[in-house]
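With TSV, C-alpha atoms inside, this is input26.tsv:
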```tsv
chain	number	residue	atom	x	y	z
X	575	MET	CA	-5.83	3.06	-1.86
X	576	SER	CA	-3.89	-0.16	-1.66
X	577	PHE	CA	-1.21	-0.49	0.98
X	578	ILE	CA	2.09	-2.17	0.14
X	579	ASN	CA	4.20	-3.18	3.13
X	580	HIS	CA	7.68	-4.05	1.91
X	581	ALA	CA	8.84	-5.09	5.37
X	582	SER	CA	6.25	-7.86	5.71
X	583	ARG	CA	5.96	-8.24	1.90
X	584	GLU	CA	2.22	-7.78	1.90
X	585	ILE	CA	-0.24	-5.96	-0.25
X	586	ASN	CA	-3.65	-5.02	1.15
X	587	CYS	CA	-6.59	-4.00	-1.00
X	588	LYS	CA	-10.10	-2.90	-0.11
X	589	ILE	CA	-13.22	-4.11	-1.93
X	590	VAL	CA	-16.63	-2.61	-1.15
X	591	TYR	CA	-19.93	-4.33	-1.95
X	592	TYR	CA	-22.52	-1.64	-2.65
X	593	GLY	CA	-26.21	-1.80	-3.52
X	594	PRO	CA	-29.74	-1.10	-2.31
X	595	GLY	CA	-31.16	-2.47	0.93
X	596	LEU	CA	-31.74	-6.23	1.03
X	597	CYS	CA	-30.01	-6.82	-2.32
X	598	GLY	CA	-27.70	-9.49	-0.86
X	599	LYS	CA	-24.40	-7.75	-0.06
X	600	THR	CA	-24.04	-9.40	3.33
X	601	THR	CA	-25.16	-12.73	1.86
X	602	ASN	CA	-22.30	-12.49	-0.67
X	603	LEU	CA	-19.78	-12.10	2.14
X	604	GLN	CA	-21.38	-14.83	4.22
X	605	TYR	CA	-21.11	-17.26	1.31
X	606	VAL	CA	-17.46	-16.35	0.70
X	607	TYR	CA	-16.80	-16.82	4.41
X	608	GLN	CA	-18.52	-20.22	4.52
X	609	LYS	CA	-16.68	-21.57	1.50
X	610	THR	CA	-13.19	-20.25	2.18
X	611	ALA	CA	-10.56	-22.42	3.85
X	612	PRO	CA	-9.90	-21.39	7.47
X	613	GLU	CA	-6.25	-20.54	6.77
X	614	SER	CA	-7.29	-18.06	4.07
X	615	LYS	CA	-9.82	-16.06	6.01
X	616	GLY	CA	-10.05	-13.99	9.14
X	617	LYS	CA	-13.03	-13.43	11.36
X	618	MET	CA	-16.12	-11.99	9.68
X	619	ILE	CA	-17.43	-8.96	11.52
X	620	SER	CA	-21.00	-7.74	11.09
X	621	LEU	CA	-22.09	-4.51	12.70
X	622	ALA	CA	-25.81	-5.07	12.39
X	623	THR	CA	-29.07	-4.08	14.02
X	624	GLU	CA	-31.07	-6.46	16.20
X	625	THR	CA	-33.05	-7.42	13.11
X	626	GLU	CA	-29.81	-8.31	11.30
X	627	ARG	CA	-29.86	-5.35	8.96
X	628	THR	CA	-26.39	-3.94	8.34
X	629	LEU	CA	-25.93	-0.93	10.60
X	630	PHE	CA	-22.41	0.13	9.68
X	631	PHE	CA	-20.55	-2.55	7.73
X	632	ASP	CA	-19.64	-6.20	7.37
X	633	PHE	CA	-15.96	-6.97	7.14
X	634	LEU	CA	-14.20	-10.08	5.89
X	635	PRO	CA	-10.41	-10.29	5.45
X	636	LEU	CA	-9.18	-12.78	2.85
X	637	ALA	CA	-5.66	-13.91	2.02
X	638	LEU	CA	-5.53	-15.12	-1.56
X	639	GLY	CA	-1.92	-16.19	-1.94
X	640	GLU	CA	1.30	-14.70	-3.26
X	641	VAL	CA	2.07	-12.63	-6.30
X	642	ARG	CA	5.74	-11.99	-7.01
X	643	GLY	CA	6.64	-12.79	-3.43
X	644	PHE	CA	3.99	-10.50	-1.95
X	645	LYS	CA	1.12	-11.88	0.11
X	646	THR	CA	-2.13	-10.51	-1.29
X	647	ARG	CA	-4.82	-9.65	1.21
X	648	PHE	CA	-8.26	-8.43	0.27
X	649	HIS	CA	-10.49	-6.72	2.80
X	650	LEU	CA	-14.13	-7.13	1.83
X	651	TYR	CA	-16.63	-4.59	3.15
X	652	THR	CA	-20.35	-4.12	2.66
X	653	VAL	CA	-22.23	-0.88	3.19
X	654	PRO	CA	-25.63	-0.47	4.85
X	655	GLY	CA	-28.06	-0.36	1.96
X	656	GLN	CA	-30.91	1.53	3.56
X	657	VAL	CA	-31.22	5.05	2.16
X	658	PHE	CA	-30.92	6.85	5.50
X	659	TYR	CA	-27.47	5.39	6.25
X	660	ASP	CA	-25.82	7.51	3.59
X	661	ALA	CA	-23.27	9.09	5.93
X	662	SER	CA	-22.00	5.61	6.86
X	663	ARG	CA	-21.79	4.53	3.22
X	664	LYS	CA	-19.59	7.51	2.44
X	665	LEU	CA	-17.18	6.63	5.24
X	666	ILE	CA	-16.82	3.03	4.13
X	667	LEU	CA	-15.88	4.04	0.57
X	668	LYS	CA	-12.81	5.83	1.88
X	669	GLY	CA	-9.68	4.23	0.45
X	670	VAL	CA	-11.61	1.74	-1.70
X	671	ASP	CA	-9.68	-0.07	-4.44
X	672	GLY	CA	-12.60	-1.73	-6.20
X	673	VAL	CA	-16.40	-1.80	-6.05
X	674	VAL	CA	-18.93	-4.58	-6.58
X	675	PHE	CA	-22.44	-3.33	-7.19
X	676	VAL	CA	-24.96	-5.94	-6.09
X	677	ALA	CA	-28.20	-5.28	-7.93
X	678	ASP	CA	-31.51	-6.78	-6.86
X	679	SER	CA	-32.86	-8.27	-10.10
X	680	GLN	CA	-36.51	-8.13	-9.02
X	681	GLU	CA	-38.64	-5.84	-11.19
X	682	GLU	CA	-39.91	-3.79	-8.29
X	683	ARG	CA	-36.36	-3.02	-7.14
X	684	MET	CA	-35.18	-1.45	-10.38
X	685	ASP	CA	-35.72	2.10	-9.11
X	686	ALA	CA	-33.87	1.28	-5.88
X	687	ASN	CA	-30.96	-0.11	-7.91
X	688	ILE	CA	-30.74	3.01	-10.05
X	689	GLU	CA	-30.93	5.27	-7.02
X	690	SER	CA	-28.23	3.30	-5.22
X	691	LEU	CA	-25.96	3.34	-8.27
X	692	GLU	CA	-26.29	7.11	-8.53
X	693	ASN	CA	-25.63	7.37	-4.82
X	694	LEU	CA	-22.47	5.27	-5.28
X	695	ARG	CA	-21.25	7.56	-8.03
X	696	ASP	CA	-21.90	10.67	-5.93
X	697	ASN	CA	-20.28	9.28	-2.81
X	698	LEU	CA	-17.20	8.14	-4.71
X	699	ALA	CA	-16.91	11.59	-6.26
X	700	GLU	CA	-16.82	13.11	-2.79
X	701	HIS	CA	-13.69	11.06	-2.11
X	702	GLY	CA	-12.20	12.10	-5.46
X	703	TYR	CA	-12.90	8.81	-7.25
X	704	ASP	CA	-14.55	8.33	-10.62
X	705	LEU	CA	-16.60	5.14	-10.91
X	706	ASP	CA	-15.87	4.99	-14.64
X	707	ASN	CA	-12.16	4.98	-13.94
X	708	MET	CA	-11.70	2.38	-11.25
X	709	PRO	CA	-12.12	-1.39	-10.83
X	710	PHE	CA	-15.88	-1.98	-10.91
X	711	VAL	CA	-17.99	-5.12	-11.35
X	712	MET	CA	-21.76	-5.56	-11.61
X	713	GLN	CA	-23.63	-8.48	-10.06
X	714	TYR	CA	-27.30	-9.17	-10.86
X	715	ASN	CA	-28.41	-11.00	-7.73
X	716	LYS	CA	-31.58	-12.97	-6.96
X	717	GLN	CA	-31.70	-14.47	-10.45
X	718	ASP	CA	-33.50	-17.48	-8.99
X	719	LEU	CA	-36.64	-15.44	-8.24
X	720	PRO	CA	-39.60	-15.48	-10.66
X	721	ASN	CA	-40.26	-11.74	-10.93
X	722	ILE	CA	-36.93	-10.52	-12.28
X	723	SER	CA	-36.32	-7.81	-14.86
X	724	PRO	CA	-35.14	-8.97	-18.29
X	725	MET	CA	-31.35	-9.01	-18.63
X	726	GLU	CA	-31.43	-6.38	-21.39
X	727	GLU	CA	-33.21	-4.00	-19.08
X	728	LEU	CA	-30.79	-4.60	-16.20
X	729	GLN	CA	-27.85	-4.03	-18.53
X	730	LYS	CA	-29.40	-0.94	-20.08
X	731	TYR	CA	-30.06	0.85	-16.81
X	732	LEU	CA	-27.33	-0.50	-14.56
X	733	ASN	CA	-24.40	-1.33	-16.80
X	734	PRO	CA	-24.32	0.96	-19.85
X	735	ASN	CA	-20.50	0.97	-19.80
X	736	LYS	CA	-20.41	-2.82	-19.95
X	737	VAL	CA	-18.14	-3.52	-17.00
X	738	PRO	CA	-17.77	-7.24	-16.15
X	739	GLU	CA	-21.18	-8.52	-15.05
X	740	PHE	CA	-22.43	-11.69	-13.39
X	741	ARG	CA	-25.79	-13.31	-12.75
X	742	ALA	CA	-25.96	-14.52	-9.21
X	743	CYS	CA	-27.93	-16.16	-6.48
X	744	ALA	CA	-25.93	-15.30	-3.40
X	745	MET	CA	-28.04	-17.56	-1.18
X	746	THR	CA	-26.81	-20.65	-3.05
X	747	GLY	CA	-23.48	-19.15	-4.09
X	748	VAL	CA	-24.11	-18.95	-7.82
X	749	GLY	CA	-21.91	-16.18	-9.24
X	750	VAL	CA	-20.47	-15.15	-5.87
X	751	PHE	CA	-16.88	-16.28	-6.38
X	752	GLU	CA	-16.95	-15.32	-10.06
X	753	THR	CA	-17.79	-11.78	-8.98
X	754	LEU	CA	-15.07	-11.74	-6.34
X	755	LYS	CA	-12.45	-13.09	-8.70
X	756	ALA	CA	-13.36	-10.50	-11.33
X	757	ILE	CA	-13.01	-7.54	-9.00
X	758	ALA	CA	-9.79	-8.89	-7.44
X	759	LYS	CA	-8.32	-9.33	-10.90
X	760	LEU	CA	-9.28	-5.82	-11.97
X	761	ILE	CA	-7.66	-4.40	-8.82
X	762	LEU	CA	-4.42	-6.28	-9.41
X	763	LEU	CA	-4.37	-5.19	-13.05
X	764	ASP	CA	-4.92	-1.65	-11.86
X	765	LEU	CA	-1.95	-2.02	-9.51
X	766	LYS	CA	0.11	-3.31	-12.37
X	767	ARG	CA	-0.61	-0.10	-14.22
X	768	GLY	CA	0.17	1.85	-11.07
X	769	GLY	CA	-3.39	3.11	-10.80
X	770	GLN	CA	-2.79	5.25	-13.87
X	771	ARG	CA	-6.33	4.85	-15.17
X	772	ARG	CA	-7.68	6.86	-12.28
B	790	MET	CA	-18.27	-4.72	25.73
B	791	GLY	CA	-21.11	-3.03	27.56
B	792	ALA	CA	-18.73	-1.91	30.28
B	793	PHE	CA	-16.98	0.47	27.93
B	794	SER	CA	-17.52	4.14	28.24
B	795	ALA	CA	-16.10	6.66	25.83
B	796	LEU	CA	-14.45	10.00	26.31
B	797	ILE	CA	-13.82	12.01	23.19
B	798	VAL	CA	-11.33	14.82	23.47
B	799	THR	CA	-11.46	17.51	20.86
B	800	GLU	CA	-8.18	19.05	19.82
B	801	GLN	CA	-8.80	22.75	19.50
B	802	VAL	CA	-5.89	23.24	17.15
B	803	TYR	CA	-8.11	22.72	14.13
B	804	ALA	CA	-11.08	24.70	15.35
B	805	CYS	CA	-9.80	27.94	13.89
B	806	CYS	CA	-9.41	26.55	10.37
B	807	VAL	CA	-12.65	24.62	9.98
B	808	GLN	CA	-14.14	24.83	6.53
B	809	VAL	CA	-17.82	24.20	5.91
B	810	VAL	CA	-17.07	22.27	2.72
B	811	ASP	CA	-14.24	19.87	3.32
B	812	HIS	CA	-14.48	16.83	1.10
B	813	PHE	CA	-10.75	16.17	1.03
B	814	PRO	CA	-9.27	15.62	4.48
B	815	ARG	CA	-5.66	16.47	5.24
B	816	GLU	CA	-4.32	13.01	4.56
B	817	ASN	CA	-5.37	13.24	0.95
B	818	PHE	CA	-3.15	16.23	0.47
B	819	MET	CA	-0.40	14.34	2.18
B	820	PHE	CA	-0.43	11.20	0.13
B	821	GLY	CA	-2.60	12.08	-2.86
B	822	VAL	CA	-6.19	11.01	-3.27
B	823	GLN	CA	-5.53	7.84	-5.25
B	824	SER	CA	-1.92	6.92	-4.63
B	825	THR	CA	-0.78	3.56	-3.35
B	826	PHE	CA	0.58	3.77	0.17
B	827	GLU	CA	3.97	2.07	0.37
B	828	LEU	CA	6.20	1.50	3.36
B	829	TYR	CA	9.76	0.20	3.19
B	830	ASP	CA	11.78	-1.81	5.70
B	831	GLU	CA	13.77	1.13	7.04
B	832	GLU	CA	10.60	3.19	7.53
B	833	ILE	CA	8.90	0.36	9.39
B	834	ALA	CA	12.06	0.01	11.51
B	835	GLN	CA	11.94	3.71	12.42
B	836	ILE	CA	8.26	3.43	13.33
B	837	ASP	CA	8.83	0.27	15.37
B	838	GLU	CA	11.60	1.94	17.33
B	839	ILE	CA	9.34	4.84	18.27
B	840	ILE	CA	6.40	2.70	19.34
B	841	ALA	CA	8.67	0.26	21.21
B	842	HIS	CA	9.89	3.22	23.24
B	843	LEU	CA	6.30	4.36	23.76
B	844	LEU	CA	5.28	0.88	24.92
B	845	LYS	CA	7.81	1.03	27.73
B	846	ALA	CA	7.37	4.69	28.62
B	847	ALA	CA	3.57	4.45	28.79
B	848	HIS	CA	3.56	1.06	30.58
B	849	ALA	CA	1.21	-0.11	27.84
B	850	LYS	CA	0.25	-3.68	26.98
B	851	ALA	CA	0.17	-3.36	23.23
B	852	ILE	CA	0.46	-0.69	20.57
B	853	PHE	CA	-0.78	-0.72	17.00
B	854	LEU	CA	-0.38	1.65	14.14
B	855	VAL	CA	-3.32	1.46	11.75
B	856	ASP	CA	-3.90	3.13	8.41
B	857	LYS	CA	-7.06	5.27	8.35
B	858	ASN	CA	-8.42	2.90	5.69
B	859	GLY	CA	-8.24	0.00	8.13
B	860	GLN	CA	-4.93	-1.61	7.19
B	861	MET	CA	-2.61	-2.70	9.99
B	862	ILE	CA	0.82	-1.10	9.60
B	863	THR	CA	2.69	-2.49	12.58
B	864	SER	CA	2.09	-3.76	16.12
B	865	ILE	CA	4.09	-4.37	19.25
B	866	GLY	CA	3.57	-5.78	22.76
B	867	GLU	CA	1.09	-8.44	23.87
B	868	VAL	CA	-0.63	-8.98	20.54
B	869	SER	CA	-0.61	-12.76	20.18
B	870	GLY	CA	-4.11	-13.30	21.55
B	871	LEU	CA	-5.67	-10.47	19.59
B	872	ASP	CA	-7.39	-10.52	16.20
B	873	ILE	CA	-5.32	-7.63	14.87
B	874	THR	CA	-6.95	-7.53	11.43
B	875	SER	CA	-10.38	-7.00	12.95
B	876	LEU	CA	-8.93	-4.57	15.44
B	877	ALA	CA	-7.51	-2.48	12.58
B	878	SER	CA	-10.76	-2.48	10.64
B	879	LEU	CA	-12.91	-1.55	13.63
B	880	THR	CA	-10.45	1.12	14.74
B	881	ALA	CA	-10.60	2.75	11.32
B	882	GLY	CA	-14.40	2.50	11.37
B	883	ASN	CA	-14.46	4.10	14.79
B	884	ILE	CA	-12.19	6.97	13.73
B	885	ALA	CA	-14.18	7.46	10.52
B	886	THR	CA	-17.46	7.61	12.45
B	887	THR	CA	-16.25	10.08	15.03
B	888	GLY	CA	-14.65	12.08	12.22
B	889	GLY	CA	-18.08	12.26	10.60
B	890	LEU	CA	-19.59	13.37	13.89
B	891	ALA	CA	-16.90	16.03	14.24
B	892	LYS	CA	-17.69	17.49	10.84
B	893	LEU	CA	-21.40	17.60	11.68
B	894	ILE	CA	-20.66	19.95	14.56
B	895	GLY	CA	-18.10	21.97	12.63
B	896	GLU	CA	-14.90	20.35	13.90
B	897	LYS	CA	-12.09	19.15	11.68
B	898	GLU	CA	-11.75	15.89	13.56
B	899	PHE	CA	-11.66	14.41	17.04
B	900	SER	CA	-7.99	13.64	17.17
B	901	ILE	CA	-8.01	11.70	20.43
B	902	GLN	CA	-10.42	9.07	21.77
B	903	PHE	CA	-10.33	7.07	24.94
B	904	HIS	CA	-12.41	3.97	25.65
B	905	GLU	CA	-12.35	2.86	29.24
B	906	GLY	CA	-13.03	-0.75	30.17
B	907	LYS	CA	-13.09	-2.51	33.50
B	908	ASN	CA	-9.61	-3.96	33.06
B	909	GLU	CA	-8.32	-2.79	29.71
B	910	SER	CA	-8.59	0.58	28.04
B	911	ILE	CA	-7.87	1.86	24.56
B	912	HIS	CA	-6.40	5.22	23.64
B	913	LEU	CA	-6.73	6.23	19.98
B	914	SER	CA	-5.03	9.20	18.40
B	915	ILE	CA	-4.57	10.40	14.84
B	916	VAL	CA	-0.97	10.93	13.78
B	917	ALA	CA	0.05	13.11	10.85
B	918	GLY	CA	-3.60	13.21	9.75
B	919	ARG	CA	-3.07	9.81	8.21
B	920	VAL	CA	-2.55	6.96	10.66
B	921	ILE	CA	-4.12	5.91	13.94
B	922	LEU	CA	-1.99	5.18	16.98
B	923	VAL	CA	-3.74	2.62	19.18
B	924	VAL	CA	-2.48	2.12	22.72
B	925	ILE	CA	-3.98	-0.66	24.83
B	926	PHE	CA	-3.24	-0.44	28.54
B	927	ASP	CA	-4.47	-1.82	31.84
B	928	THR	CA	-4.38	-0.73	35.47
B	929	ASN	CA	-0.57	-0.72	35.43
B	930	SER	CA	-0.79	2.57	33.57
B	931	SER	CA	-3.09	5.58	33.55
B	932	LEU	CA	-4.81	7.79	31.02
B	933	GLY	CA	-2.65	10.76	32.02
B	934	LEU	CA	0.59	8.89	31.50
B	935	VAL	CA	-0.54	7.43	28.19
B	936	ARG	CA	-1.67	10.83	26.89
B	937	LEU	CA	1.63	12.41	27.89
B	938	ARG	CA	3.77	9.72	26.25
B	939	VAL	CA	1.57	9.50	23.17
B	940	LYS	CA	1.99	13.21	22.56
B	941	ARG	CA	5.76	12.87	22.49
B	942	ALA	CA	5.69	9.75	20.30
B	943	SER	CA	3.20	11.41	17.94
B	944	ASN	CA	5.66	14.20	17.22
B	945	ALA	CA	8.35	11.67	16.32
B	946	LEU	CA	5.95	9.62	14.20
B	947	THR	CA	4.74	12.73	12.41
B	948	GLN	CA	8.29	13.42	11.29
B	949	VAL	CA	8.61	9.90	9.94
B	950	PHE	CA	5.31	10.08	8.06
B	951	GLU	CA	6.12	13.50	6.66
B	952	ALA	CA	9.35	12.06	5.30
B	953	ILE	CA	7.36	9.17	3.80
B	954	ALA	CA	4.95	11.63	2.19
B	955	THR	CA	7.85	13.60	0.74
B	956	ARG	CA	9.41	10.41	-0.59
B	957	GLN	CA	6.11	9.37	-2.20
B	958	GLU	CA	5.62	12.80	-3.76
B	959	GLN	CA	9.17	12.76	-5.10
B	960	LYS	CA	8.65	9.32	-6.53
B	961	GLY	CA	5.45	10.46	-8.20
B	962	ARG	CA	7.18	13.47	-9.73
B	963	ASP	CA	10.05	11.35	-11.02
B	964	GLY	CA	7.54	9.15	-12.78
B	965	GLN	CA	8.79	5.99	-11.11
B	966	SER	CA	6.46	3.05	-10.72
B	967	PRO	CA	4.84	3.39	-7.28
B	968	ASN	CA	4.63	-0.37	-6.79
B	969	PRO	CA	6.53	-3.57	-7.43
B	970	PHE	CA	3.74	-5.10	-9.51
B	971	ALA	CA	4.50	-3.54	-12.86
B	972	GLU	CA	5.84	-6.87	-14.14
B	973	ILE	CA	3.04	-9.19	-12.99
B	974	THR	CA	1.38	-11.25	-15.69
B	975	ASP	CA	-2.19	-12.42	-16.18
B	976	ASP	CA	-0.95	-15.90	-15.27
B	977	ASP	CA	0.33	-14.64	-11.91
B	978	ILE	CA	-3.12	-13.28	-11.17
B	979	ASP	CA	-4.97	-16.35	-12.42
B	980	ASN	CA	-2.77	-18.57	-10.26
B	981	LEU	CA	-4.08	-16.82	-7.16
B	982	PHE	CA	-7.49	-18.28	-7.80
B	983	ASN	CA	-6.44	-21.83	-8.56
```
Final structure tokens representation of the file:
Amino acid sequence: MSFINHASREINCKIVYYGPGLCGKTTNLQYVYQKTAPESKGKMISLATETERTLFFDFLPLALGEVRGFKTRFHLYTVPGQVFYDASRKLILKGVDGVVFVADSQEERMDANIESLENLRDNLAEHGYDLDNMPFVMQYNKQDLPNISPMEELQKYLNPNKVPEFRACAMTGVGVFETLKAIAKLILLDLKRGGQRR
Amino acid sequence: MGAFSALIVTEQVYACCVQVVDHFPRENFMFGVQSTFELYDEEIAQIDEIIAHLLKAAHAKAIFLVDKNGQMITSIGEVSGLDITSLASLTAGNIATTGGLAKLIGEKEFSIQFHEGKNESIHLSIVAGRVILVVIFDTNSSLGLVRLRVKRASNALTQVFEAIATRQEQKGRDGQSPNPFAEITDDDIDNLFN
């Protein structure tokens, strides 16, 4: 649920990066943080375990610029990918305006991707959202690794509805900003329509 | 950070109406599950007036009003040295987590939280089921005083947010555009990324 503050002429939107454990959600945010000008970003917060696995969420506030006199701010969140943190994932989806699904392209992670995508759908439904009716972008991460599933297979199982999709290598930044731009654009277009698609 | 201890106070008001299956918290009925949350100048002014009064009455250092989704609505007091965006996000995360804990034990929510530090303390309370009132205070005040003043301010804020909810519902029924972005073009959006 975006928040429009007419007094400060700001619009705030929430983007959640979702996906199985170790797929690269935090790495996406870290790359965005590293490559964004200081005046456009806030502090990145990571609530992580001692072994640097996401415990609750990562958070990165971004200010993109102005649209029609309104400052646009995007709050980027990741969820903890490990299966047993499901209660936390549900909480983070609250009030989400758009979702990026970060898939791990490695063959052996296909089942984990499918399970996580189903989990996303279920958790959104608990908040009253329908994944098929909201801004949603697919990212196939780790494309630089040798043991990846063929693109046709990734598309068939993870993106049958053909939402915007991007090949990525979050470690080097390939596809990271393309993904972010795509989801931000979909959210703003959704706002333009007044969220009527939902 | 490690010096903080937490006291969670359960408000018994909701205990009698706890439902086992409760996927849609109160705020969703108030503002609609998917609606955009809009605040206008006069509404912000009303809110600011209430929290400015609270700041004085509670001898607080700073007060924030945060949306449950983690968006900062307004702030007052000694806020210049604080990262208010992060504060809003973590506050919402904190409230969401304790809300999840509450449901696990059959409570509707924990409507008040208090985190006590060596010098500074934070009092969190949920207002109108929708927003979080954050009061930061030091040894010039006390938990008892803050709780007392917060209760009074919460009643006033609830009235304001109920009026906002009514206005949003009315707007939705009238079929008016709920946002000022109906006229934006693809170029406007593309320019953001240039």
Point to revise | Nearest candidate to Leu828 of chain B (options B:Ala841, B:Met861, B:Ile901, B:Leu922; using all atoms listed in the file) | key: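 Among B:Ala841, B:Met861, B:Ile901, B:Leu922, it is B:Met861 that comes nearest to Leu828 of chain B.
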Report as a short mmCIF file (atom, residue, chain, number, x, y, z; two decimals) with C-alpha atoms, in the coordinates of the input the set of chain B residues whose atoms approach chain X to within 9 Å, with distances computed over all atoms listed in the file.
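Writing the result to result-v8.cif gives the following:
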```
data_model
loop_
_atom_site.label_atom_id
_atom_site.label_comp_id
_atom_site.auth_asym_id
_atom_site.auth_seq_id
_atom_site.Cartn_x
_atom_site.Cartn_y
_atom_site.Cartn_z
CA HIS B 812 -14.48 16.83 1.10
CA PHE B 813 -10.75 16.17 1.03
CA VAL B 822 -6.19 11.01 -3.27
CA GLN B 823 -5.53 7.84 -5.25
CA SER B 824 -1.92 6.92 -4.63
CA THR B 825 -0.78 3.56 -3.35
CA PHE B 826 0.58 3.77 0.17
CA GLU B 827 3.97 2.07 0.37
CA LEU B 828 6.20 1.50 3.36
CA TYR B 829 9.76 0.20 3.19
CA ASP B 830 11.78 -1.81 5.70
CA GLU B 831 13.77 1.13 7.04
CA GLU B 832 10.60 3.19 7.53
CA ILE B 833 8.90 0.36 9.39
CA ALA B 834 12.06 0.01 11.51
CA ASP B 856 -3.90 3.13 8.41
CA LYS B 857 -7.06 5.27 8.35
CA ASN B 858 -8.42 2.90 5.69
CA GLY B 859 -8.24 0.00 8.13
CA GLN B 860 -4.93 -1.61 7.19
CA ILE B 862 0.82 -1.10 9.60
CA ASP B 872 -7.39 -10.52 16.20
CA THR B 874 -6.95 -7.53 11.43
CA SER B 875 -10.38 -7.00 12.95
CA SER B 878 -10.76 -2.48 10.64
CA LEU B 879 -12.91 -1.55 13.63
CA GLY B 882 -14.40 2.50 11.37
CA ALA B 885 -14.18 7.46 10.52
CA THR B 886 -17.46 7.61 12.45
CA GLY B 889 -18.08 12.26 10.60
CA SER B 966 6.46 3.05 -10.72
CA PRO B 967 4.84 3.39 -7.28
CA ASN B 968 4.63 -0.37 -6.79
CA PRO B 969 6.53 -3.57 -7.43
CA PHE B 970 3.74 -5.10 -9.51
CA ALA B 971 4.50 -3.54 -12.86
CA GLU B 972 5.84 -6.87 -14.14
CA ILE B 973 3.04 -9.19 -12.99
CA THR B 974 1.38 -11.25 -15.69
CA ASP B 975 -2.19 -12.42 -16.18
CA ASP B 977 0.33 -14.64 -11.91
CA ILE B 978 -3.12 -13.28 -11.17
CA ASP B 979 -4.97 -16.35 -12.42
CA ASN B 980 -2.77 -18.57 -10.26
CA LEU B 981 -4.08 -16.82 -7.16
CA PHE B 982 -7.49 -18.28 -7.80
#
```
Review point. Leaving out segment 674-687 of chain X and any residue of its chain fewer than 4 positions from it, which residues lie within 7 Å of it when counting all atoms listed in the file, given as JSON, numbers by chain?
Key: {"X": [590, 591, 592, 593, 594, 597, 598, 599, 691, 710, 711, 712, 713, 714, 715, 716, 717, 721, 722, 723]}
Would you mind exporting the chosen residues as a compact mmCIF listing (two decimals), in the frame of the given file, restricted to C-alpha atoms?
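The new file selection31.txt reads:
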```txt
# COMPACT_ATOMS: atom_id res chain seq x y z
CA VAL X 590 -16.63 -2.61 -1.15
CA TYR X 591 -19.93 -4.33 -1.95
CA TYR X 592 -22.52 -1.64 -2.65
CA GLY X 593 -26.21 -1.80 -3.52
CA PRO X 594 -29.74 -1.10 -2.31
CA CYS X 597 -30.01 -6.82 -2.32
CA GLY X 598 -27.70 -9.49 -0.86
CA LYS X 599 -24.40 -7.75 -0.06
CA LEU X 691 -25.96 3.34 -8.27
CA PHE X 710 -15.88 -1.98 -10.91
CA VAL X 711 -17.99 -5.12 -11.35
CA MET X 712 -21.76 -5.56 -11.61
CA GLN X 713 -23.63 -8.48 -10.06
CA TYR X 714 -27.30 -9.17 -10.86
CA ASN X 715 -28.41 -11.00 -7.73
CA LYS X 716 -31.58 -12.97 -6.96
CA GLN X 717 -31.70 -14.47 -10.45
CA ASN X 721 -40.26 -11.74 -10.93
CA ILE X 722 -36.93 -10.52 -12.28
CA SER X 723 -36.32 -7.81 -14.86
```
Check your understanding: Of the candidates X:Thr746, X:Asn707, X:Asn693, X:Thr625, which one gets nearest to Lys609 of chain X if we count only C-alpha atoms?
Key ->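 Among the listed residues, X:Thr746 lies closest to Lys609 of chain X.
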Review point. Taking only C-alpha atoms into account, which of B:Val855, B:Ile894, B:Ala945, B:Leu934 comes nearest Ser914 of chain B?
Key: B:Val855
